[in-house]
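**Q** Pasting work.cif below, which is mmCIF, C-alpha atoms, pLDDT in the B column; chains and numbers go by the auth columns.
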```cif
data_target
loop_
_atom_site.group_PDB
_atom_site.id
_atom_site.type_symbol
_atom_site.label_atom_id
_atom_site.label_comp_id
_atom_site.label_asym_id
_atom_site.label_seq_id
_atom_site.Cartn_x
_atom_site.Cartn_y
_atom_site.Cartn_z
_atom_site.B_iso_or_equiv
_atom_site.auth_seq_id
_atom_site.auth_asym_id
ATOM 1 C CA MET A 1 -9.248 -22.892 1.625 65.00 1 A
ATOM 2 C CA LYS A 2 -9.288 -19.219 2.578 84.00 2 A
ATOM 3 C CA LYS A 3 -7.370 -17.000 0.183 93.00 3 A
ATOM 4 C CA PRO A 4 -4.335 -15.205 1.583 95.00 4 A
ATOM 5 C CA SER A 5 -4.183 -11.435 1.725 94.00 5 A
ATOM 6 C CA VAL A 6 -1.741 -9.535 -0.455 95.00 6 A
ATOM 7 C CA SER A 7 0.205 -8.792 2.745 93.00 7 A
ATOM 8 C CA ASP A 8 0.335 -12.518 3.595 93.00 8 A
ATOM 9 C CA LEU A 9 1.913 -13.240 0.219 93.00 9 A
ATOM 10 C CA ILE A 10 4.453 -10.429 0.398 93.00 10 A
ATOM 11 C CA SER A 11 5.427 -11.420 3.955 90.00 11 A
ATOM 12 C CA ILE A 12 6.835 -14.696 2.572 92.00 12 A
ATOM 13 C CA LEU A 13 9.662 -12.759 0.913 90.00 13 A
ATOM 14 C CA ASP A 14 13.041 -12.126 2.489 80.00 14 A
ATOM 15 C CA LYS A 15 13.617 -8.391 2.844 75.00 15 A
ATOM 16 C CA PRO A 16 17.370 -7.777 3.134 70.00 16 A
ATOM 17 C CA ALA A 17 16.963 -4.021 2.711 71.00 17 A
ATOM 18 C CA LEU A 18 15.004 -3.955 5.982 71.00 18 A
ATOM 19 C CA LEU A 19 17.970 -5.433 7.830 75.00 19 A
ATOM 20 C CA LYS A 20 20.229 -2.638 6.567 77.00 20 A
ATOM 21 C CA TRP A 21 17.602 -0.036 7.405 73.00 21 A
ATOM 22 C CA ALA A 22 17.125 -1.453 10.924 76.00 22 A
ATOM 23 C CA ASN A 23 20.904 -1.375 11.453 82.00 23 A
ATOM 24 C CA LYS A 24 21.030 2.268 10.315 81.00 24 A
ATOM 25 C CA ILE A 25 18.204 3.209 12.691 79.00 25 A
ATOM 26 C CA GLY A 26 19.969 1.378 15.533 84.00 26 A
ATOM 27 C CA LEU A 27 23.241 3.147 14.847 88.00 27 A
ATOM 28 C CA GLU A 28 21.350 6.438 15.139 87.00 28 A
ATOM 29 C CA GLY A 29 20.368 5.374 18.670 88.00 29 A
ATOM 30 C CA ILE A 30 16.742 4.745 17.802 82.00 30 A
ATOM 31 C CA HIS A 31 15.140 1.561 19.104 85.00 31 A
ATOM 32 C CA ILE A 32 13.548 -0.207 16.125 81.00 32 A
ATOM 33 C CA ASP A 33 10.422 -1.250 18.072 83.00 33 A
ATOM 34 C CA ASP A 34 9.772 2.355 19.140 82.00 34 A
ATOM 35 C CA TYR A 35 10.313 3.620 15.594 77.00 35 A
ATOM 36 C CA GLN A 36 7.974 1.009 14.091 77.00 36 A
ATOM 37 C CA LYS A 37 5.308 1.607 16.726 82.00 37 A
ATOM 38 C CA GLN A 38 5.346 5.379 16.132 78.00 38 A
ATOM 39 C CA SER A 39 5.462 5.023 12.339 81.00 39 A
ATOM 40 C CA LYS A 40 2.592 2.531 12.329 80.00 40 A
ATOM 41 C CA SER A 41 0.563 4.716 14.687 85.00 41 A
ATOM 42 C CA ASP A 42 1.086 7.778 12.478 86.00 42 A
ATOM 43 C CA GLY A 43 0.175 5.860 9.324 85.00 43 A
ATOM 44 C CA ILE A 44 -2.983 4.395 10.854 90.00 44 A
ATOM 45 C CA SER A 45 -3.989 7.816 12.145 93.00 45 A
ATOM 46 C CA HIS A 46 -3.550 9.432 8.710 94.00 46 A
ATOM 47 C CA HIS A 47 -5.426 6.592 6.990 92.00 47 A
ATOM 48 C CA ASN A 48 -8.275 6.763 9.504 95.00 48 A
ATOM 49 C CA GLN A 49 -8.595 10.535 9.294 96.00 49 A
ATOM 50 C CA ILE A 50 -8.786 10.426 5.492 96.00 50 A
ATOM 51 C CA GLU A 51 -11.256 7.533 5.515 95.00 51 A
ATOM 52 C CA ASN A 52 -13.452 9.170 8.177 96.00 52 A
ATOM 53 C CA PHE A 53 -13.499 12.443 6.272 96.00 53 A
ATOM 54 C CA VAL A 54 -14.324 10.863 2.899 95.00 54 A
ATOM 55 C CA LYS A 55 -16.850 8.291 4.128 95.00 55 A
ATOM 56 C CA TYR A 56 -18.460 10.043 7.091 96.00 56 A
ATOM 57 C CA ASN A 57 -17.559 13.731 6.695 95.00 57 A
ATOM 58 C CA ILE A 58 -15.785 13.686 10.076 96.00 58 A
ATOM 59 C CA ASP A 59 -13.330 16.554 10.377 97.00 59 A
ATOM 60 C CA PHE A 60 -9.609 15.837 10.417 96.00 60 A
ATOM 61 C CA GLU A 61 -7.879 15.829 13.808 96.00 61 A
ATOM 62 C CA ASP A 62 -4.639 16.993 12.202 96.00 62 A
ATOM 63 C CA GLU A 63 -5.091 20.496 10.764 97.00 63 A
ATOM 64 C CA LYS A 64 -2.035 20.162 8.517 96.00 64 A
ATOM 65 C CA LEU A 65 -3.372 16.929 7.052 96.00 65 A
ATOM 66 C CA ALA A 66 -6.782 18.569 6.525 97.00 66 A
ATOM 67 C CA TYR A 67 -5.122 21.457 4.678 97.00 67 A
ATOM 68 C CA ARG A 68 -3.038 19.083 2.539 97.00 68 A
ATOM 69 C CA TRP A 69 -6.088 16.911 1.768 97.00 69 A
ATOM 70 C CA LYS A 70 -8.072 19.961 0.650 97.00 70 A
ATOM 71 C CA HIS A 71 -5.325 20.818 -1.846 97.00 71 A
ATOM 72 C CA PHE A 72 -4.745 17.197 -2.837 97.00 72 A
ATOM 73 C CA VAL A 73 -8.345 16.667 -3.963 97.00 73 A
ATOM 74 C CA LYS A 74 -8.665 19.983 -5.840 97.00 74 A
ATOM 75 C CA ASP A 75 -7.862 18.270 -9.128 98.00 75 A
ATOM 76 C CA LYS A 76 -8.940 14.737 -8.184 98.00 76 A
ATOM 77 C CA GLU A 77 -12.214 12.901 -7.684 97.00 77 A
ATOM 78 C CA ILE A 78 -12.297 10.226 -4.982 97.00 78 A
ATOM 79 C CA ILE A 79 -14.183 7.179 -6.284 97.00 79 A
ATOM 80 C CA SER A 80 -13.618 4.755 -3.409 97.00 80 A
ATOM 81 C CA ILE A 81 -11.687 4.586 -0.164 96.00 81 A
ATOM 82 C CA GLU A 82 -10.627 1.380 1.645 95.00 82 A
ATOM 83 C CA HIS A 83 -11.908 -0.785 -1.195 95.00 83 A
ATOM 84 C CA ASN A 84 -11.983 -4.599 -0.846 96.00 84 A
ATOM 85 C CA ILE A 85 -10.540 -6.651 -3.707 96.00 85 A
ATOM 86 C CA GLU A 86 -10.351 -10.317 -4.613 96.00 86 A
ATOM 87 C CA SER A 87 -8.589 -12.266 -7.341 96.00 87 A
ATOM 88 C CA ASP A 88 -8.078 -15.963 -7.986 95.00 88 A
ATOM 89 C CA TYR A 89 -4.923 -15.756 -5.844 95.00 89 A
ATOM 90 C CA PHE A 90 -5.554 -13.328 -2.980 96.00 90 A
ATOM 91 C CA ILE A 91 -7.829 -10.916 -1.182 97.00 91 A
ATOM 92 C CA GLY A 92 -6.965 -7.423 -0.048 96.00 92 A
ATOM 93 C CA ARG A 93 -7.985 -3.889 0.557 96.00 93 A
ATOM 94 C CA LEU A 94 -6.672 -0.984 -1.439 94.00 94 A
ATOM 95 C CA ASP A 95 -6.518 2.464 0.039 97.00 95 A
ATOM 96 C CA CYS A 96 -8.075 4.615 -2.648 97.00 96 A
ATOM 97 C CA ILE A 97 -9.416 4.716 -6.183 98.00 97 A
ATOM 98 C CA LEU A 98 -9.496 8.161 -7.709 98.00 98 A
ATOM 99 C CA LYS A 99 -9.867 9.980 -10.988 98.00 99 A
ATOM 100 C CA TYR A 100 -7.055 12.315 -12.007 98.00 100 A
ATOM 101 C CA LYS A 101 -6.451 13.862 -15.419 96.00 101 A
ATOM 102 C CA ASP A 102 -9.001 11.655 -17.191 96.00 102 A
ATOM 103 C CA SER A 103 -7.480 8.439 -15.778 98.00 103 A
ATOM 104 C CA ILE A 104 -8.530 6.173 -12.937 98.00 104 A
ATOM 105 C CA TYR A 105 -5.812 5.380 -10.388 98.00 105 A
ATOM 106 C CA ILE A 106 -5.433 2.768 -7.731 97.00 106 A
ATOM 107 C CA CYS A 107 -3.571 4.539 -4.939 97.00 107 A
ATOM 108 C CA ASP A 108 -1.750 3.130 -1.972 96.00 108 A
ATOM 109 C CA PHE A 109 -1.037 5.474 0.931 95.00 109 A
ATOM 110 C CA LYS A 110 2.518 5.066 2.223 92.00 110 A
ATOM 111 C CA SER A 111 4.070 6.722 5.248 86.00 111 A
ATOM 112 C CA THR A 112 7.603 7.182 3.987 79.00 112 A
ATOM 113 C CA LYS A 113 10.372 9.731 3.804 75.00 113 A
ATOM 114 C CA TYR A 114 11.876 8.011 0.790 74.00 114 A
ATOM 115 C CA ASP A 115 11.230 8.697 -2.874 77.00 115 A
ATOM 116 C CA LYS A 116 12.324 5.180 -3.814 82.00 116 A
ATOM 117 C CA ILE A 117 9.506 2.728 -4.467 87.00 117 A
ATOM 118 C CA PHE A 118 10.462 -0.618 -2.987 87.00 118 A
ATOM 119 C CA PHE A 119 10.014 -4.031 -4.571 91.00 119 A
ATOM 120 C CA GLU A 120 7.321 -5.050 -2.063 92.00 120 A
ATOM 121 C CA GLN A 121 5.381 -1.845 -2.724 92.00 121 A
ATOM 122 C CA LYS A 122 5.447 -2.558 -6.448 94.00 122 A
ATOM 123 C CA LEU A 123 4.177 -6.089 -5.790 95.00 123 A
ATOM 124 C CA GLN A 124 1.317 -4.676 -3.754 95.00 124 A
ATOM 125 C CA LEU A 125 0.344 -2.224 -6.489 96.00 125 A
ATOM 126 C CA VAL A 126 0.548 -4.929 -9.153 97.00 126 A
ATOM 127 C CA ALA A 127 -1.747 -7.112 -7.037 97.00 127 A
ATOM 128 C CA TYR A 128 -4.308 -4.313 -7.050 97.00 128 A
ATOM 129 C CA LYS A 129 -3.843 -3.762 -10.768 97.00 129 A
ATOM 130 C CA MET A 130 -4.468 -7.480 -11.357 97.00 130 A
ATOM 131 C CA CYS A 131 -7.991 -6.784 -10.069 97.00 131 A
ATOM 132 C CA TYR A 132 -8.356 -3.589 -12.099 97.00 132 A
ATOM 133 C CA PRO A 133 -6.137 -3.987 -15.179 96.00 133 A
ATOM 134 C CA ASP A 134 -7.381 -0.844 -16.916 97.00 134 A
ATOM 135 C CA TYR A 135 -6.489 1.452 -14.008 97.00 135 A
ATOM 136 C CA LYS A 136 -3.188 3.200 -13.482 97.00 136 A
ATOM 137 C CA ILE A 137 -1.315 2.882 -10.194 97.00 137 A
ATOM 138 C CA ALA A 138 0.155 5.453 -7.820 96.00 138 A
ATOM 139 C CA ILE A 139 1.513 5.923 -4.341 95.00 139 A
ATOM 140 C CA VAL A 140 0.377 8.798 -2.168 96.00 140 A
ATOM 141 C CA LYS A 141 3.080 9.639 0.352 94.00 141 A
ATOM 142 C CA LEU A 142 1.830 10.511 3.800 93.00 142 A
ATOM 143 C CA PRO A 143 1.610 12.910 5.518 92.00 143 A
ATOM 144 C CA TYR A 144 2.350 15.349 2.671 94.00 144 A
ATOM 145 C CA LEU A 145 0.044 13.681 0.134 95.00 145 A
ATOM 146 C CA ASP A 146 2.592 13.623 -2.667 95.00 146 A
ATOM 147 C CA PHE A 147 1.057 11.834 -5.672 96.00 147 A
ATOM 148 C CA ILE A 148 3.551 9.566 -7.459 94.00 148 A
ATOM 149 C CA GLU A 149 2.384 7.683 -10.543 95.00 149 A
ATOM 150 C CA ILE A 150 4.114 4.326 -10.915 94.00 150 A
ATOM 151 C CA GLU A 151 4.867 2.980 -14.398 94.00 151 A
ATOM 152 C CA LEU A 152 5.321 -0.795 -14.400 93.00 152 A
ATOM 153 C CA ASP A 153 4.011 -1.688 -17.840 89.00 153 A
ATOM 154 C CA SER A 154 7.165 -3.473 -19.020 94.00 154 A
ATOM 155 C CA GLU A 155 7.587 -5.208 -15.637 96.00 155 A
ATOM 156 C CA PHE A 156 3.933 -5.970 -14.875 96.00 156 A
ATOM 157 C CA GLU A 157 3.945 -9.617 -16.013 97.00 157 A
ATOM 158 C CA TYR A 158 7.061 -10.361 -13.949 98.00 158 A
ATOM 159 C CA TYR A 159 5.497 -8.960 -10.783 97.00 159 A
ATOM 160 C CA LYS A 160 2.234 -10.739 -11.546 97.00 160 A
ATOM 161 C CA ASN A 161 4.082 -14.052 -11.953 98.00 161 A
ATOM 162 C CA ILE A 162 5.852 -13.494 -8.636 97.00 162 A
ATOM 163 C CA LEU A 163 2.507 -12.943 -6.904 97.00 163 A
ATOM 164 C CA ILE A 164 1.070 -16.087 -8.474 97.00 164 A
ATOM 165 C CA ALA A 165 4.166 -18.062 -7.391 97.00 165 A
ATOM 166 C CA LEU A 166 3.851 -16.654 -3.857 97.00 166 A
ATOM 167 C CA SER A 167 0.227 -17.802 -3.840 96.00 167 A
ATOM 168 C CA VAL A 168 1.332 -21.337 -4.722 95.00 168 A
ATOM 169 C CA ILE A 169 4.030 -21.253 -2.022 95.00 169 A
ATOM 170 C CA TYR A 170 1.526 -19.976 0.546 95.00 170 A
ATOM 171 C CA SER A 171 -0.986 -22.689 -0.331 94.00 171 A
ATOM 172 C CA ASN A 172 1.633 -25.455 -0.199 94.00 172 A
ATOM 173 C CA LYS A 173 2.943 -24.235 3.165 93.00 173 A
ATOM 174 C CA LEU A 174 -0.586 -24.454 4.585 92.00 174 A
ATOM 175 C CA LYS A 175 -1.028 -27.964 3.205 91.00 175 A
ATOM 176 C CA ILE A 176 2.282 -29.071 4.758 93.00 176 A
ATOM 177 C CA LYS A 177 1.240 -27.644 8.153 90.00 177 A
ATOM 178 C CA LYS A 178 -1.984 -29.662 8.028 90.00 178 A
ATOM 179 C CA MET A 179 -0.140 -32.953 7.413 91.00 179 A
#
```
As structure tokens, how would this structure be written, given the file I've shared?
**A**
Amino acid sequence: MKKPSVSDLISILDKPALLKWANKIGLEGIHIDDYQKQSKSDGISHHNQIENFVKYNIDFEDEKLAYRWKHFVKDKEIISIEHNIESDYFIGRLDCILKYKDSIYICDFKSTKYDKIFFEQKLQLVAYKMCYPDYKIAIVKLPYLDFIEIELDSEFEYYKNILIALSVIYSNKLKIKKM
């Protein structure tokens, strides 16, 4: 059986905070589909520009992002970008592995205005850390490239157990569908 992606596992979860957020956006007169389409488009564009620059030395389309990237990497060494991972429970692709202050970090790029790190984002980072247990984890907020180290040492096993349980749920759902 094909392993699920990290996103497949996290999608199983109910996300009540999204309902509240969608209501807030709607009350502001913004159509949720338009907001999501624009946000996704911006995020993909930023990801692609960074990947194309790092992997293929293709100049950034967005001059502000190019400027921010230049300053972001001044004290960092990019080790890998868009890196495939696999564990016993899932497959995935992490955005970036980099060296910063004598530590190796797994970084996930997130297009967000919020400083709060959401439960699902922590699950995603823990999934990556399960593949690279000696690395630290961080989020890089797009488009400003704010580097935010995430400390989950005391919670790591709980998140890991949730991911393993989600893997079991995912597998059992597939088996039920095949019956």
**Q** I'd like to know which of A:Leu98, A:Leu145, A:Ile44, A:Leu27 is closest to Phe72 of chain A, using all atoms listed in the file.
**A**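 For Phe72 of chain A, the nearest of the given residues is A:Leu145.
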**Q** Once the PyMOL selection byres ((chain A and resi 136) around 6) has been evaluated on this model, what residues remain selected, and can you format them as a compact mmCIF listing (two decimals) with C-alpha atoms, keeping the file's coordinate frame?
**A**
```
# COMPACT_ATOMS: atom_id res chain seq x y z
CA TYR A 105 -5.81 5.38 -10.39
CA TYR A 135 -6.49 1.45 -14.01
CA ILE A 137 -1.32 2.88 -10.19
```
**Q** If the PyMOL selection byres ((chain A and resi 151-157) around 10) is run on the structure shown, which residues does it catch, given as a PDB file with C-alpha atoms, in the frame of the given file?
**A**
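selection-v3.pdb, written as the output of this step:
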```pdb
ATOM      1  CA  LYS A 122       5.447  -2.558  -6.448  1.00 94.00           C
ATOM      2  CA  LEU A 123       4.177  -6.089  -5.790  1.00 95.00           C
ATOM      3  CA  LEU A 125       0.344  -2.224  -6.489  1.00 96.00           C
ATOM      4  CA  VAL A 126       0.548  -4.929  -9.153  1.00 97.00           C
ATOM      5  CA  ALA A 127      -1.747  -7.112  -7.037  1.00 97.00           C
ATOM      6  CA  LYS A 129      -3.843  -3.762 -10.768  1.00 97.00           C
ATOM      7  CA  MET A 130      -4.468  -7.480 -11.357  1.00 97.00           C
ATOM      8  CA  LYS A 136      -3.188   3.200 -13.482  1.00 97.00           C
ATOM      9  CA  ILE A 137      -1.315   2.882 -10.194  1.00 97.00           C
ATOM     10  CA  ALA A 138       0.155   5.453  -7.820  1.00 96.00           C
ATOM     11  CA  ILE A 148       3.551   9.566  -7.459  1.00 94.00           C
ATOM     12  CA  GLU A 149       2.384   7.683 -10.543  1.00 95.00           C
ATOM     13  CA  ILE A 150       4.114   4.326 -10.915  1.00 94.00           C
ATOM     14  CA  TYR A 158       7.061 -10.361 -13.949  1.00 98.00           C
ATOM     15  CA  TYR A 159       5.497  -8.960 -10.783  1.00 97.00           C
ATOM     16  CA  LYS A 160       2.234 -10.739 -11.546  1.00 97.00           C
ATOM     17  CA  ASN A 161       4.082 -14.052 -11.953  1.00 98.00           C
ATOM     18  CA  ILE A 162       5.852 -13.494  -8.636  1.00 97.00           C
ATOM     19  CA  LEU A 163       2.507 -12.943  -6.904  1.00 97.00           C
TER      20      LEU A 163
END
```
**Q** Can you tell me how far atom CA of Gln36 of chain A sits from atom CA of Asp14 of chain A, in Å to one decimal?
**A** 18.2 Å
**Q** Would you mind listing what lies within 12 Å of Ala165 of chain A as a count of residues only, with only C-alpha atoms counted and same-chain residues fewer than 4 positions away left out?
**A** 14
**Q** Between A:Lys178, A:Lys113, A:Lys20, A:Lys64, which has the minimum distance to Gln49 of chain A (counting all atoms listed in the file)?
**A**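 Of A:Lys178, A:Lys113, A:Lys20, A:Lys64, the one nearest Gln49 of chain A, counting all atoms listed in the file, is A:Lys64.
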